[in-house]
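Here's the structure we're looking at; comments come further down.
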Amino acid sequence: MKDILQELETRRDAARLGGGQNRIDAQHGRGKLTARERVELLLDEGSFEEYDMFVTHRCTDFGMENNRPAGDGVVTGWGTINGRMVYVFSQDFTVLGGSVSATHAMKICKIMDMAMQNGAPVIGINDSGGARIQEGVDSLAGYGEVFQRNIMASGVVPQISVIMGPCAGGAVYSPAMTDFIFMVKDSSYMFVTGPDVVKTVTNEQVTAEELGGASTHTRKSSVADGAFENDVEALAEVRRLVDYLPLNNRQAAPTRPFFDDVDRVESSLDTLVPENPNTPYDMKELILKIADEADFYEIQEDFAKNIITGFIRLEGQTVGVVANQPMVLAGVLDIDSARKAARFVRFCDCFGIPILTLVDVPGFLPGTSQEYNGVIKHGAKLLFAYGEATVPKVTVITRKSYGGAYVVMASKHLRADVNYAWPTSEIAVMGAKGATEIIHRADLGDADKIAAHTAEYEDRFANPFVAAERGFIDEVIQPRSTRKRVARAFAALRSKQQEMPWKKHDNIPL
Ligand code: HXC
């Protein structure tokens, strides 16, 4: 009996060693943790339940029958993050470069199926040379099975991808279909075709880092939602994110104990908006002053900085925030900011997370570059996302809210529930100067008349009261009381029920 027990431990020890000590040392030498070390850091101590530790591949080509490492290059199972269940897979680069065989994919599919059935998020740690070349189409079929499960799970359980090594070829499409992608600076990359193929086909010379490193994907392509200095920081931040999210689309996000006064008055907000309407101010200051304990988890911090997206808590409950940022491009809406915010709004709506929208927007960015690249369709994404969202929606206009952007940014007309405005708000078709130059074109040569017309327009429209008279704004509020007003609004909306008409699915402008 003792021998049998001992054999189990021996087999386990061998499996835990993955591709062997030399390869583990090489992995560490690159500043990377091993697949198992990553799982240990991600999950609560001692909570990991591993499955399929002894699974091996079935390939008999290219001498593979003589190389059948236990686990087949991926560690799978479930554990907890601050006591809440998550399923995890972590590719082991020390075993055949973490490459994906049919059985490797089958292990991933197994935990994805369990996650769907049991209603828990899936976190995938990617560190792989892609399709296992020796297996040919069997490997591609395995990827296909994973892709299909990504699609089925979308909007049912949160899916988070952490890229901690290579992720190339069609392999990038599984992370692409998950809700969030995080990368590690200087040790991870994602691309559809690598630098060598790029050189052959397009004659461009580019490094892997330039083509698909963390900086590229968080600043240029927006494929990734965040980049971190090293594996440890990335995993700690994923833990922090999971705390904001519900386990599935049938459960509410967790309520955390909070130590902040919900009625907290912030007098400094009364002077946040500068006297000069063209002077910027930092919208993040408002977000931090509304949030419980000034805690804000920003998503896509380095991309389209003219709009801010992320999570806060109010009275311990998760709220998604979308806010124009006057510090960058005056907070204008453009292709990138509309896409960024639309995806965030849709994530919140999928998972029942209420949305707070903070508005200071001069309109959509004009120009050929925007038009040629389809700002009409991309801008419509945000409009569509807000209009279809049935979660509680509270909006605060702090200053400008002009034109189409007024309607898009969670206006009353898109079924926002509570719309507040600060006294400094200007809700109009456009700014006073532009408006005057159009409706009083005949007086353009007369500076005095134009100044008088501009002042008249400002008097009439550069305030929140015209909109408030029509009920498009529910209340004009004191900036200092914003936290309290917003928190009370969301509290009143906790039992909100809103249905969409029956449809198979909508046809959002993609
Ligand atoms: C089998 C692989 C492998 C793969 C790496 N290895 N990738 N084995 N299939 N795809 C093995 C290597 O042979 C090596 O084994 C070990 O993993 C470590 O690889 P190295 O090359 O020594 O490591 P490194 O120098 O760090 O380079 C990592 C790498 C490189 C950049 C990922 O290995 C590489 O280019 N691999 C091939 C990538 C690729 O073309 N994959 C297919 C993409 S197409 P030994 O025993 O020698 O140590 C694809 C399609 C998916 O994935 C489609 C989905 C629909």
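Ordering of the structure tokens sets the chain letters (A, B, ...); residue numbers start at 1 within each chain; ligands are numbered from 1 in the order shown.
Near Ser401 (chain A), within a cut-off of 8 Å and counting only C-alpha atoms, sit the residues Val359, Asp360, Val361, Pro362, Gly363, Tyr406, Ser425, Glu426, Ile427 and Ala428 of chain A, with same-chain residues fewer than 5 positions away left out.
Residues in contact with ligand 1 (atom pairs separated by at most 8 Å; only C-alpha atoms and all ligand atoms) are Arg23, Phe93, Thr94, Val95, Leu96, Gly97, Gly98, Ser99, Val100, Ser128, Gly129, Gly130, Ala131, Arg132, Ile133, Gln134, Ser139, Leu140, Ala141, Tyr143, Gly144, Pro166, Cys167, Ala168, Gly169, Gly170, Ala171, Val172 and Tyr173 of chain A.
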Could the residues in this selection be written to a file with N, CA and C atoms, as a short mmCIF file (atom, residue, chain, number, x, y, z; two decimals), in the first residue's frame?
data_model
loop_
_atom_site.label_atom_id
_atom_site.label_comp_id
_atom_site.auth_asym_id
_atom_site.auth_seq_id
_atom_site.Cartn_x
_atom_site.Cartn_y
_atom_site.Cartn_z
N ARG A 23 15.10 23.83 -17.81
CA ARG A 23 14.16 24.73 -18.49
C ARG A 23 13.49 25.69 -17.49
N PHE A 93 5.62 26.91 -20.48
CA PHE A 93 6.56 27.05 -21.60
C PHE A 93 7.71 26.05 -21.51
N THR A 94 7.95 25.52 -20.31
CA THR A 94 9.08 24.57 -20.17
C THR A 94 8.75 23.21 -20.80
N VAL A 95 7.48 22.96 -21.09
CA VAL A 95 7.08 21.68 -21.72
C VAL A 95 6.76 21.95 -23.18
N LEU A 96 7.64 21.53 -24.07
CA LEU A 96 7.41 21.69 -25.51
C LEU A 96 6.98 23.12 -25.86
N GLY A 97 7.58 24.07 -25.19
CA GLY A 97 7.30 25.50 -25.45
C GLY A 97 5.86 25.88 -25.18
N GLY A 98 5.19 25.14 -24.31
CA GLY A 98 3.78 25.45 -24.00
C GLY A 98 2.88 25.28 -25.21
N SER A 99 3.39 24.56 -26.23
CA SER A 99 2.62 24.46 -27.49
C SER A 99 1.33 23.67 -27.27
N VAL A 100 0.36 23.99 -28.13
CA VAL A 100 -0.99 23.47 -27.93
C VAL A 100 -1.23 22.23 -28.79
N SER A 128 3.07 30.45 -24.78
CA SER A 128 3.05 29.29 -25.66
C SER A 128 3.61 29.60 -27.04
N GLY A 129 4.29 28.61 -27.61
CA GLY A 129 4.78 28.71 -28.98
C GLY A 129 3.69 28.48 -30.01
N GLY A 130 2.45 28.34 -29.59
CA GLY A 130 1.32 28.20 -30.53
C GLY A 130 1.00 26.75 -30.82
N ALA A 131 0.43 26.54 -31.99
CA ALA A 131 0.00 25.19 -32.38
C ALA A 131 1.19 24.23 -32.34
N ARG A 132 0.99 23.03 -31.72
CA ARG A 132 2.11 22.08 -31.67
C ARG A 132 2.35 21.55 -33.07
N ILE A 133 3.52 21.91 -33.57
CA ILE A 133 3.79 21.69 -34.98
C ILE A 133 3.71 20.21 -35.34
N GLN A 134 4.15 19.34 -34.45
CA GLN A 134 4.14 17.90 -34.75
C GLN A 134 2.72 17.34 -34.90
N SER A 139 -3.95 19.94 -33.71
CA SER A 139 -3.72 21.09 -32.85
C SER A 139 -4.65 22.24 -33.24
N LEU A 140 -4.81 22.44 -34.55
CA LEU A 140 -5.70 23.53 -34.99
C LEU A 140 -7.13 23.25 -34.52
N ALA A 141 -7.52 21.98 -34.61
CA ALA A 141 -8.87 21.61 -34.16
C ALA A 141 -9.02 21.92 -32.67
N TYR A 143 -7.48 24.26 -30.97
CA TYR A 143 -7.68 25.71 -30.85
C TYR A 143 -9.13 26.08 -31.17
N GLY A 144 -9.62 25.48 -32.25
CA GLY A 144 -11.00 25.79 -32.67
C GLY A 144 -12.00 25.49 -31.55
N PRO A 166 5.21 34.31 -25.36
CA PRO A 166 4.74 34.45 -26.74
C PRO A 166 3.28 34.07 -26.89
N CYS A 167 2.60 34.72 -27.80
CA CYS A 167 1.23 34.37 -28.16
C CYS A 167 1.10 34.80 -29.61
N ALA A 168 1.25 33.81 -30.51
CA ALA A 168 1.38 34.18 -31.92
C ALA A 168 0.47 33.35 -32.80
N GLY A 169 0.31 33.82 -34.04
CA GLY A 169 -0.53 33.11 -34.99
C GLY A 169 -1.98 33.18 -34.55
N GLY A 170 -2.76 32.21 -35.02
CA GLY A 170 -4.19 32.18 -34.68
C GLY A 170 -4.43 32.10 -33.19
N ALA A 171 -3.38 31.74 -32.43
CA ALA A 171 -3.52 31.61 -30.98
C ALA A 171 -3.98 32.91 -30.33
N VAL A 172 -3.69 34.03 -30.96
CA VAL A 172 -4.08 35.32 -30.36
C VAL A 172 -5.60 35.49 -30.33
N TYR A 173 -6.29 34.71 -31.14
CA TYR A 173 -7.74 34.93 -31.23
C TYR A 173 -8.52 34.42 -30.03
#
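Using only C-alpha atoms, the residues found no farther than 10 Å from Phe465 (chain A), other than those of its own chain fewer than 4 positions away, are Ala421, Pro423, Ser425, Glu426, Ile427, Arg460, Phe461, Glu469, Arg470, Gly471, Phe472, Ile473, Glu475 and Val476 of chain A.
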Between CA of Leu365 (chain A) and CA of Asp334 (chain A), distance in Å (one decimal): 5.4 Å
DSSP alpha helix (DSSP H) residues within region 13-219 of chain A, listed as a PyMOL selection string: chain A and resi 13-16+21-29+35-42+102-118+137-153+173-176+195-202+208-212+214-215
Mind dumping the selected residues with C-alpha atoms as a PDB file, in the first residue's frame?
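Written output follows (out_38.pdb):
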ATOM      1  CA  ASP A  13       6.698  15.354  -8.370  1.00  0.00           C
ATOM      2  CA  ALA A  14       7.694  14.482 -11.927  1.00  0.00           C
ATOM      3  CA  ALA A  15       4.646  16.276 -13.338  1.00  0.00           C
ATOM      4  CA  ARG A  16       5.317  19.331 -11.199  1.00  0.00           C
ATOM      5  CA  GLN A  21      15.034  22.000 -13.839  1.00  0.00           C
ATOM      6  CA  ASN A  22      17.159  23.368 -16.686  1.00  0.00           C
ATOM      7  CA  ARG A  23      14.156  24.735 -18.488  1.00  0.00           C
ATOM      8  CA  ILE A  24      12.715  26.105 -15.240  1.00  0.00           C
ATOM      9  CA  ASP A  25      16.023  27.886 -14.668  1.00  0.00           C
ATOM     10  CA  ALA A  26      15.895  29.271 -18.217  1.00  0.00           C
ATOM     11  CA  GLN A  27      12.355  30.516 -17.601  1.00  0.00           C
ATOM     12  CA  HIS A  28      13.478  32.247 -14.388  1.00  0.00           C
ATOM     13  CA  GLY A  29      16.517  33.589 -16.229  1.00  0.00           C
ATOM     14  CA  ALA A  35       3.170  28.047 -14.931  1.00  0.00           C
ATOM     15  CA  ARG A  36       2.687  26.631 -11.435  1.00  0.00           C
ATOM     16  CA  GLU A  37       4.304  29.570  -9.659  1.00  0.00           C
ATOM     17  CA  ARG A  38       1.911  31.856 -11.517  1.00  0.00           C
ATOM     18  CA  VAL A  39      -1.117  29.829 -10.450  1.00  0.00           C
ATOM     19  CA  GLU A  40       0.092  29.880  -6.837  1.00  0.00           C
ATOM     20  CA  LEU A  41       0.435  33.666  -6.913  1.00  0.00           C
ATOM     21  CA  LEU A  42      -2.877  34.236  -8.646  1.00  0.00           C
ATOM     22  CA  ALA A 102      -5.139  18.247 -29.055  1.00  0.00           C
ATOM     23  CA  THR A 103      -4.938  17.049 -25.437  1.00  0.00           C
ATOM     24  CA  HIS A 104      -3.559  20.389 -24.169  1.00  0.00           C
ATOM     25  CA  ALA A 105      -6.600  22.069 -25.758  1.00  0.00           C
ATOM     26  CA  MET A 106      -8.890  19.379 -24.317  1.00  0.00           C
ATOM     27  CA  LYS A 107      -7.651  20.226 -20.810  1.00  0.00           C
ATOM     28  CA  ILE A 108      -8.448  23.906 -21.361  1.00  0.00           C
ATOM     29  CA  CYS A 109     -11.881  23.035 -22.782  1.00  0.00           C
ATOM     30  CA  LYS A 110     -12.646  20.870 -19.758  1.00  0.00           C
ATOM     31  CA  ILE A 111     -12.191  23.700 -17.279  1.00  0.00           C
ATOM     32  CA  MET A 112     -14.032  26.145 -19.553  1.00  0.00           C
ATOM     33  CA  ASP A 113     -17.002  23.762 -19.646  1.00  0.00           C
ATOM     34  CA  MET A 114     -16.903  23.486 -15.848  1.00  0.00           C
ATOM     35  CA  ALA A 115     -16.694  27.257 -15.493  1.00  0.00           C
ATOM     36  CA  MET A 116     -19.785  27.683 -17.656  1.00  0.00           C
ATOM     37  CA  GLN A 117     -21.702  24.994 -15.830  1.00  0.00           C
ATOM     38  CA  ASN A 118     -20.731  26.214 -12.365  1.00  0.00           C
ATOM     39  CA  VAL A 137      -4.478  19.821 -37.888  1.00  0.00           C
ATOM     40  CA  ASP A 138      -5.250  18.085 -34.565  1.00  0.00           C
ATOM     41  CA  SER A 139      -3.717  21.087 -32.854  1.00  0.00           C
ATOM     42  CA  LEU A 140      -5.701  23.525 -34.991  1.00  0.00           C
ATOM     43  CA  ALA A 141      -8.871  21.612 -34.162  1.00  0.00           C
ATOM     44  CA  GLY A 142      -8.010  21.954 -30.471  1.00  0.00           C
ATOM     45  CA  TYR A 143      -7.684  25.714 -30.849  1.00  0.00           C
ATOM     46  CA  GLY A 144     -11.005  25.787 -32.670  1.00  0.00           C
ATOM     47  CA  GLU A 145     -12.677  24.021 -29.741  1.00  0.00           C
ATOM     48  CA  VAL A 146     -11.255  26.616 -27.345  1.00  0.00           C
ATOM     49  CA  PHE A 147     -12.401  29.486 -29.590  1.00  0.00           C
ATOM     50  CA  GLN A 148     -15.951  28.155 -29.720  1.00  0.00           C
ATOM     51  CA  ARG A 149     -16.022  27.968 -25.924  1.00  0.00           C
ATOM     52  CA  ASN A 150     -14.718  31.549 -25.667  1.00  0.00           C
ATOM     53  CA  ILE A 151     -17.683  32.603 -27.758  1.00  0.00           C
ATOM     54  CA  MET A 152     -20.212  30.584 -25.769  1.00  0.00           C
ATOM     55  CA  ALA A 153     -18.828  31.895 -22.474  1.00  0.00           C
ATOM     56  CA  TYR A 173      -7.740  34.931 -31.231  1.00  0.00           C
ATOM     57  CA  SER A 174      -8.662  33.128 -28.046  1.00  0.00           C
ATOM     58  CA  PRO A 175      -7.456  36.007 -25.832  1.00  0.00           C
ATOM     59  CA  ALA A 176      -8.987  38.453 -28.335  1.00  0.00           C
ATOM     60  CA  PRO A 195       8.619  39.717 -37.558  1.00  0.00           C
ATOM     61  CA  ASP A 196      10.160  37.230 -40.045  1.00  0.00           C
ATOM     62  CA  VAL A 197       6.946  36.786 -42.005  1.00  0.00           C
ATOM     63  CA  VAL A 198       6.313  40.516 -41.861  1.00  0.00           C
ATOM     64  CA  LYS A 199       9.738  41.110 -43.407  1.00  0.00           C
ATOM     65  CA  THR A 200       9.135  38.577 -46.187  1.00  0.00           C
ATOM     66  CA  VAL A 201       5.677  39.844 -47.072  1.00  0.00           C
ATOM     67  CA  THR A 202       5.844  43.591 -46.528  1.00  0.00           C
ATOM     68  CA  ALA A 208       8.842  41.358 -31.834  1.00  0.00           C
ATOM     69  CA  GLU A 209       8.480  43.998 -29.132  1.00  0.00           C
ATOM     70  CA  GLU A 210       7.627  46.749 -31.631  1.00  0.00           C
ATOM     71  CA  LEU A 211       5.256  44.501 -33.535  1.00  0.00           C
ATOM     72  CA  GLY A 212       3.326  43.033 -30.627  1.00  0.00           C
ATOM     73  CA  ALA A 214       2.858  45.373 -24.304  1.00  0.00           C
ATOM     74  CA  SER A 215       3.504  48.977 -25.258  1.00  0.00           C
TER      75      SER A 215
END
Residues near region 441-443 of chain A, cut-off 12 Å, only C-alpha atoms, skip fewer than 6 positions along chain, as JSON, numbers by chain: {"A": [433, 434, 435, 449, 450, 451, 452, 453, 454]}
Write the residues of the preceding selection, restricted to C-alpha atoms, as an mmCIF file, in the first residue's frame.
data_model
loop_
_atom_site.group_PDB
_atom_site.id
_atom_site.type_symbol
_atom_site.label_atom_id
_atom_site.label_comp_id
_atom_site.auth_asym_id
_atom_site.auth_seq_id
_atom_site.Cartn_x
_atom_site.Cartn_y
_atom_site.Cartn_z
ATOM 1 C CA LYS A 433 -18.767 81.119 -30.811
ATOM 2 C CA GLY A 434 -19.376 78.467 -33.481
ATOM 3 C CA ALA A 435 -23.128 78.808 -33.156
ATOM 4 C CA LYS A 449 -22.462 92.585 -33.073
ATOM 5 C CA ILE A 450 -20.823 89.156 -33.040
ATOM 6 C CA ALA A 451 -19.746 89.673 -29.415
ATOM 7 C CA ALA A 452 -23.305 90.667 -28.512
ATOM 8 C CA HIS A 453 -24.765 87.641 -30.314
ATOM 9 C CA THR A 454 -22.243 85.338 -28.650
#
Residue list (strand (DSSP E or B), DSSP) for region 374-455 of chain A, as a VMD selection string: chain A and resid 393 to 402 418 to 421 426 to 428
Each residue of region 172-275 of chain A with at least one atom at most 10 Å from region 293-311 of chain A should appear once, together with its nearest atom pair and the corresponding distance in Å (one decimal); atoms considered: only C-alpha atoms; ordering: chain, then increasing residue number; output as CSV.
residue,atom,partner,partner_atom,distance
A:Phe180,CA,A:Ile299,CA,8.7
A:Ile181,CA,A:Gln300,CA,9.9
A:Phe182,CA,A:Gln300,CA,9.8
A:Ser215,CA,A:Asp302,CA,8.9
A:His217,CA,A:Phe303,CA,9.0
A:Thr218,CA,A:Asp302,CA,5.9
A:Arg219,CA,A:Phe303,CA,4.9
A:Lys220,CA,A:Phe303,CA,7.0
A:Ser221,CA,A:Phe303,CA,8.4
A:Ser222,CA,A:Phe303,CA,6.3
A:Val223,CA,A:Gln300,CA,9.3
A:Ala224,CA,A:Gln300,CA,7.4
A:Asp225,CA,A:Gln300,CA,4.5
A:Gly226,CA,A:Gln300,CA,5.8
A:Ala227,CA,A:Gln300,CA,9.1
A:Glu237,CA,A:Tyr297,CA,9.1
A:Arg240,CA,A:Tyr297,CA,8.2
A:Leu241,CA,A:Tyr297,CA,7.2
A:Tyr244,CA,A:Phe311,CA,7.2
A:Leu245,CA,A:Phe311,CA,9.3
A:Phe258,CA,A:Glu293,CA,7.7
A:Phe259,CA,A:Glu293,CA,7.2
A:Asp260,CA,A:Glu293,CA,5.8
A:Asp261,CA,A:Glu293,CA,9.0
Nearest candidate to Thr395 (chain A) (options A:Tyr420, A:Phe191, A:Tyr281, A:Phe364; using only C-alpha atoms): A:Tyr420
Nearest to Thr318 (chain A), chosen from A:Val184, A:Ala487, A:Met283, A:Ile397, with only C-alpha atoms counted in the distances: A:Ala487
